[in-house]
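See structure below.
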Amino acid sequence: MIKTRIFPEHNYKAIHVNGKTIRIALNPKRPIDELSYPEFYDVKVTPYCEGNCPYCYQNSLDTNSHPKDIIKRFLAFFGPMNENQKPFQIAFGGGEPTTHPDFIELMKVCYDMGIMPNYTTNGMWSASSEENQKKLLEATKQFCVGVAVSTHPHLRRFWEASTNLYIKENIFTNLHIIIGDRYSIDDFARVYKLYKGFVKYFVLLPLTAQGRAKESFVDWEYFKDKIDGSPADIAFGANFYPYLCKDPKRFTVSLYEPEIMSAYLDLEDMKVYKSSFSSCEKKVGDTKFQEEVICQLEK
C-alpha cells in the first residue's frame, strides 16, 4: 500500500510504502518545518505495567488503573482528520498496552481507519495462557505493521520468550534497548549477537532522567568503540540526536530535529506532547480541530 501526505506550508511531502517513509523537501534549499499534523504518533494506552523497572521514564506501576473509553477517545482525536492529516503510523505504548482489555479492538479500529498500528511491549504477555497468547499474536499479524520488544535485563525471560514467538510467527520485530553505562552497552552487544539476522532493527534509547530514572548518561565513546562500522540494523531513538550531531560521520543515519514530525498522545488525559520524553504540550491542527475533539468526547 502506498500513501502520501503533502503540506506545502511546511515544505513537506512524504510517501509511505510498506512501513517505510520517504520524506521530500519541496524546496530543497529549505528544511522541512514542524508539521501541524504529525506523520507519526506515540499513543499511551495505559499507565499500568507489572514490569516495575527501576528506571521507568513513564513511572508506570502495577497499582495504576486502566483508562476507560479508549476507543471513543481514540476516535474523537483521529476520526475528524482527513486522509492528508492522518498519520502514517501509530505506536501504541504505556505502561504495557497489551494489558488493556480493549487493546486488540484498539488495534483493529486504528487499522480500519487506514493508519498502520504497531506497539511496544515488555513481553510479559508471554506468561499468559496459550489462548491469550494466540489472540494477541493473531491480532498482531492481522492488524500490525510490526512490534517493538523492550529488552529490560530483569525481564529477560519474558522479552526473550515473546521475541521468539514473534519471530516464529514471522512478525516484523524490533528490539528496544536502553543503554547508559558500560554494563548496559556490553549487554546490548550480547543481545545484538544473539538476535542479529532474526529481528529487523535494534533501536537504541539513551538512559534519560525522567520518571523513576534519576540520571541521564551514555558512555558514548565506549559505545562507539564497541560497535564496528555502522550496521544497517542499528537505529537510534530521537534522544540520541545530540550524540549523533557530535559525530555526524560516525554512523550512517539521517539526522533531523526530533519531534518535528511526531507527537505523543495520552489517551487518559487526551493531552498531546512533543514526545514521550517531554512534558511540553504540543498543538495539533488548528483551533477548530481541537474543538472538534472536545465535542466528540462530550457526546
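Every chain in the C-alpha cells takes a letter, A first, then B, and so on in the order presented; its residues are numbered from 1, and the ligands are numbered from 1 following the presented order.
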
Report task. From a DSSP pass on the backbone, collect the residues of region 24-167 of chain A flagged as strand (DSSP E or B) and hand them back as a list in words. Result -> Ile24, Ala25, Phe40, Tyr41, Asp42, Val43, Lys44, Tyr48, Leu61, Gln89, Ile90, Ala91, Phe92, Gly93, Met116, Pro117, Asn118, Tyr119, Thr120, Thr121, Gly146, Val147, Ala148, Val149 and Ser150 of chain A

Written file, previous selection with C-alpha atoms, as a PDB file, in the first residue's frame:
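Writing the result to selection.pdb gives the following:
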ATOM      1  CA  ILE A  24      10.912  15.125   0.401  1.00  0.00           C
ATOM      2  CA  ALA A  25      11.607  18.829   0.912  1.00  0.00           C
ATOM      3  CA  PHE A  40       3.748   9.516  13.362  1.00  0.00           C
ATOM      4  CA  TYR A  41       2.232   9.309  16.853  1.00  0.00           C
ATOM      5  CA  ASP A  42       3.183   7.543  20.037  1.00  0.00           C
ATOM      6  CA  VAL A  43      -0.081   6.829  21.843  1.00  0.00           C
ATOM      7  CA  LYS A  44      -0.132   5.950  25.537  1.00  0.00           C
ATOM      8  CA  TYR A  48      -0.478   0.143  34.073  1.00  0.00           C
ATOM      9  CA  LEU A  61       3.208   0.793  38.077  1.00  0.00           C
ATOM     10  CA  GLN A  89       1.657   5.033  11.673  1.00  0.00           C
ATOM     11  CA  ILE A  90       0.838   4.888  15.366  1.00  0.00           C
ATOM     12  CA  ALA A  91       2.962   3.205  18.013  1.00  0.00           C
ATOM     13  CA  PHE A  92       0.875   2.113  20.991  1.00  0.00           C
ATOM     14  CA  GLY A  93       2.626   2.033  24.336  1.00  0.00           C
ATOM     15  CA  MET A 116      -0.882   1.341  10.431  1.00  0.00           C
ATOM     16  CA  PRO A 117      -0.574   0.358  14.114  1.00  0.00           C
ATOM     17  CA  ASN A 118       2.386  -1.092  15.913  1.00  0.00           C
ATOM     18  CA  TYR A 119       3.150  -1.389  19.602  1.00  0.00           C
ATOM     19  CA  THR A 120       5.867  -1.630  22.214  1.00  0.00           C
ATOM     20  CA  THR A 121       5.761  -4.389  24.809  1.00  0.00           C
ATOM     21  CA  GLY A 146       5.304  -4.571  13.489  1.00  0.00           C
ATOM     22  CA  VAL A 147       6.188  -4.704  17.172  1.00  0.00           C
ATOM     23  CA  ALA A 148       8.986  -3.437  19.396  1.00  0.00           C
ATOM     24  CA  VAL A 149      10.099  -5.504  22.378  1.00  0.00           C
ATOM     25  CA  SER A 150      11.817  -3.728  25.279  1.00  0.00           C
TER      26      SER A 150
END

Query raised in the report: Can you list, as a list in words, every protein, DNA or RNA residue that comes within 9 Å of Lys282 (chain A) when you count only C-alpha atoms, leaving out same-chain residues fewer than 3 positions away?
Result: Ala263, Tyr264, Lys271, Val272, Tyr273, Lys274 and Ser275 of chain A

Residue selection dump (C-alpha atoms) as a PDB file, in the first residue's frame:
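What ended up in again.pdb:
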ATOM      1  CA  ALA A 263       3.744  13.683  18.628  1.00  0.00           C
ATOM      2  CA  TYR A 264       2.753  11.862  21.797  1.00  0.00           C
ATOM      3  CA  LYS A 271      -3.121  15.861  26.035  1.00  0.00           C
ATOM      4  CA  VAL A 272      -0.581  15.951  23.226  1.00  0.00           C
ATOM      5  CA  TYR A 273       3.105  16.327  23.999  1.00  0.00           C
ATOM      6  CA  LYS A 274       6.206  16.784  21.868  1.00  0.00           C
ATOM      7  CA  SER A 275       7.325  13.270  22.745  1.00  0.00           C
TER       8      SER A 275
END

Please tabulate, as a Markdown table, the residues of region 211-248 of chain A that come within 7 Å of region 198-203 of chain A, each with its closest pair of atoms and the distance in Å to one decimal, counting only C-alpha atoms and ordering rows by chain, then residue number upward.
| residue | atom | partner | partner_atom | distance |
| --- | --- | --- | --- | --- |
| A:Asp233 | CA | A:Tyr201 | CA | 4.6 |
| A:Ile234 | CA | A:Phe202 | CA | 4.9 |
| A:Ala235 | CA | A:Val203 | CA | 4.6 |
| A:Phe236 | CA | A:Val203 | CA | 5.5 |
| A:Gly237 | CA | A:Val203 | CA | 6.5 |

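Neighbouring residues of region 131-139 of chain A at 8 Å or closer, counting only C-alpha atoms and skipping chain neighbours under 6 positions away, are A:Ile104, A:Met107, A:Lys108, A:Trp125, A:Tyr166, A:Glu169.
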
Requested in this report: Apply DSSP to the backbone of this structure and, from region 77-163 of chain A, keep only the residues in alpha helix (DSSP H); write these as a PyMOL selection string.
Outcome: chain A and resi 77-78+103-112+130-143+156-163

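Remark: for Ser60 (chain A), the closest of the candidate residues A:Gly95, A:Leu75, A:Met113, A:Pro242 is A:Gly95 (distances computed over only C-alpha atoms).
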
Requested in this report: Within 12 Å of Thr63 (chain A), counting only C-alpha atoms, which residues show up once you throw out same-chain ones fewer than 3 positions away? Write them as a VMD selection string, please.
Outcome: chain A and resid 46 to 52 59 to 60 66 95

Pull N, CA and C atoms from the residues just selected and write them as an mmCIF file, in the first residue's frame.
data_model
loop_
_atom_site.group_PDB
_atom_site.id
_atom_site.type_symbol
_atom_site.label_atom_id
_atom_site.label_comp_id
_atom_site.auth_asym_id
_atom_site.auth_seq_id
_atom_site.Cartn_x
_atom_site.Cartn_y
_atom_site.Cartn_z
ATOM 1 N N THR A 46 -2.188 3.011 28.381
ATOM 2 C CA THR A 46 -2.440 2.820 29.809
ATOM 3 C C THR A 46 -1.190 3.112 30.627
ATOM 4 N N PRO A 47 -1.339 3.563 31.877
ATOM 5 C CA PRO A 47 -0.176 3.733 32.756
ATOM 6 C C PRO A 47 0.150 2.452 33.523
ATOM 7 N N TYR A 48 -0.641 1.391 33.321
ATOM 8 C CA TYR A 48 -0.478 0.143 34.073
ATOM 9 C C TYR A 48 0.654 -0.701 33.478
ATOM 10 N N CYS A 49 1.502 -1.221 34.349
ATOM 11 C CA CYS A 49 2.556 -2.141 33.928
ATOM 12 C C CYS A 49 3.047 -2.922 35.135
ATOM 13 N N GLU A 50 3.310 -4.193 34.940
ATOM 14 C CA GLU A 50 3.789 -5.053 36.020
ATOM 15 C C GLU A 50 5.305 -5.227 36.009
ATOM 16 N N GLY A 51 5.974 -4.534 35.087
ATOM 17 C CA GLY A 51 7.420 -4.693 34.976
ATOM 18 C C GLY A 51 8.192 -4.082 36.127
ATOM 19 N N ASN A 52 7.683 -2.957 36.664
ATOM 20 C CA ASN A 52 8.325 -2.267 37.785
ATOM 21 C C ASN A 52 9.809 -1.982 37.546
ATOM 22 N N ASN A 59 7.105 6.185 34.762
ATOM 23 C CA ASN A 59 6.672 5.915 36.137
ATOM 24 C C ASN A 59 5.441 5.008 36.163
ATOM 25 N N SER A 60 5.436 4.004 35.295
ATOM 26 C CA SER A 60 4.327 3.052 35.217
ATOM 27 C C SER A 60 4.423 2.034 36.347
ATOM 28 N N HIS A 66 -6.398 1.200 34.446
ATOM 29 C CA HIS A 66 -6.551 1.434 33.014
ATOM 30 C C HIS A 66 -7.526 2.584 32.759
ATOM 31 N N GLY A 95 3.151 2.541 30.104
ATOM 32 C CA GLY A 95 2.668 1.246 30.550
ATOM 33 C C GLY A 95 2.837 0.123 29.534
#

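Of the residues listed (A:Arg157, A:His100, A:Thr140, A:Thr208), A:Arg157 shows the shortest atom-to-atom separation from Ala127 (chain A); distances use only C-alpha atoms.
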
Query raised in the report: Do you know which residues are at most 9 Å from Asn84 (chain A) counting only C-alpha atoms, after dropping those on the same chain fewer than 6 positions away, and could you put them as a PyMOL selection string?
Result: chain A and resi 4-7+37

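Candidate residues A:Leu175, A:Ala238, A:Val284, A:Leu35 were compared for distance to Met261 (chain A), and the nearest is A:Leu35, using only C-alpha atoms.
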
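Using only C-alpha atoms for every distance, the candidate list A:Tyr222, A:Phe77, A:Phe277, A:Tyr12 yields A:Phe277 as the residue closest to Tyr57 (chain A).
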
**Report entry** Spatial neighbours of Leu165 (chain A), max dist 9 Å, only C-alpha atoms, sep filter under 5 positions, as an NGL selection string
**Finding:** :A and (126 or 137 or 160 or 170-171)

Query raised in the report: Interatomic distance between CA of Leu155 (chain A) and CA of Leu106 (chain A)?
Result: 25.8 Å
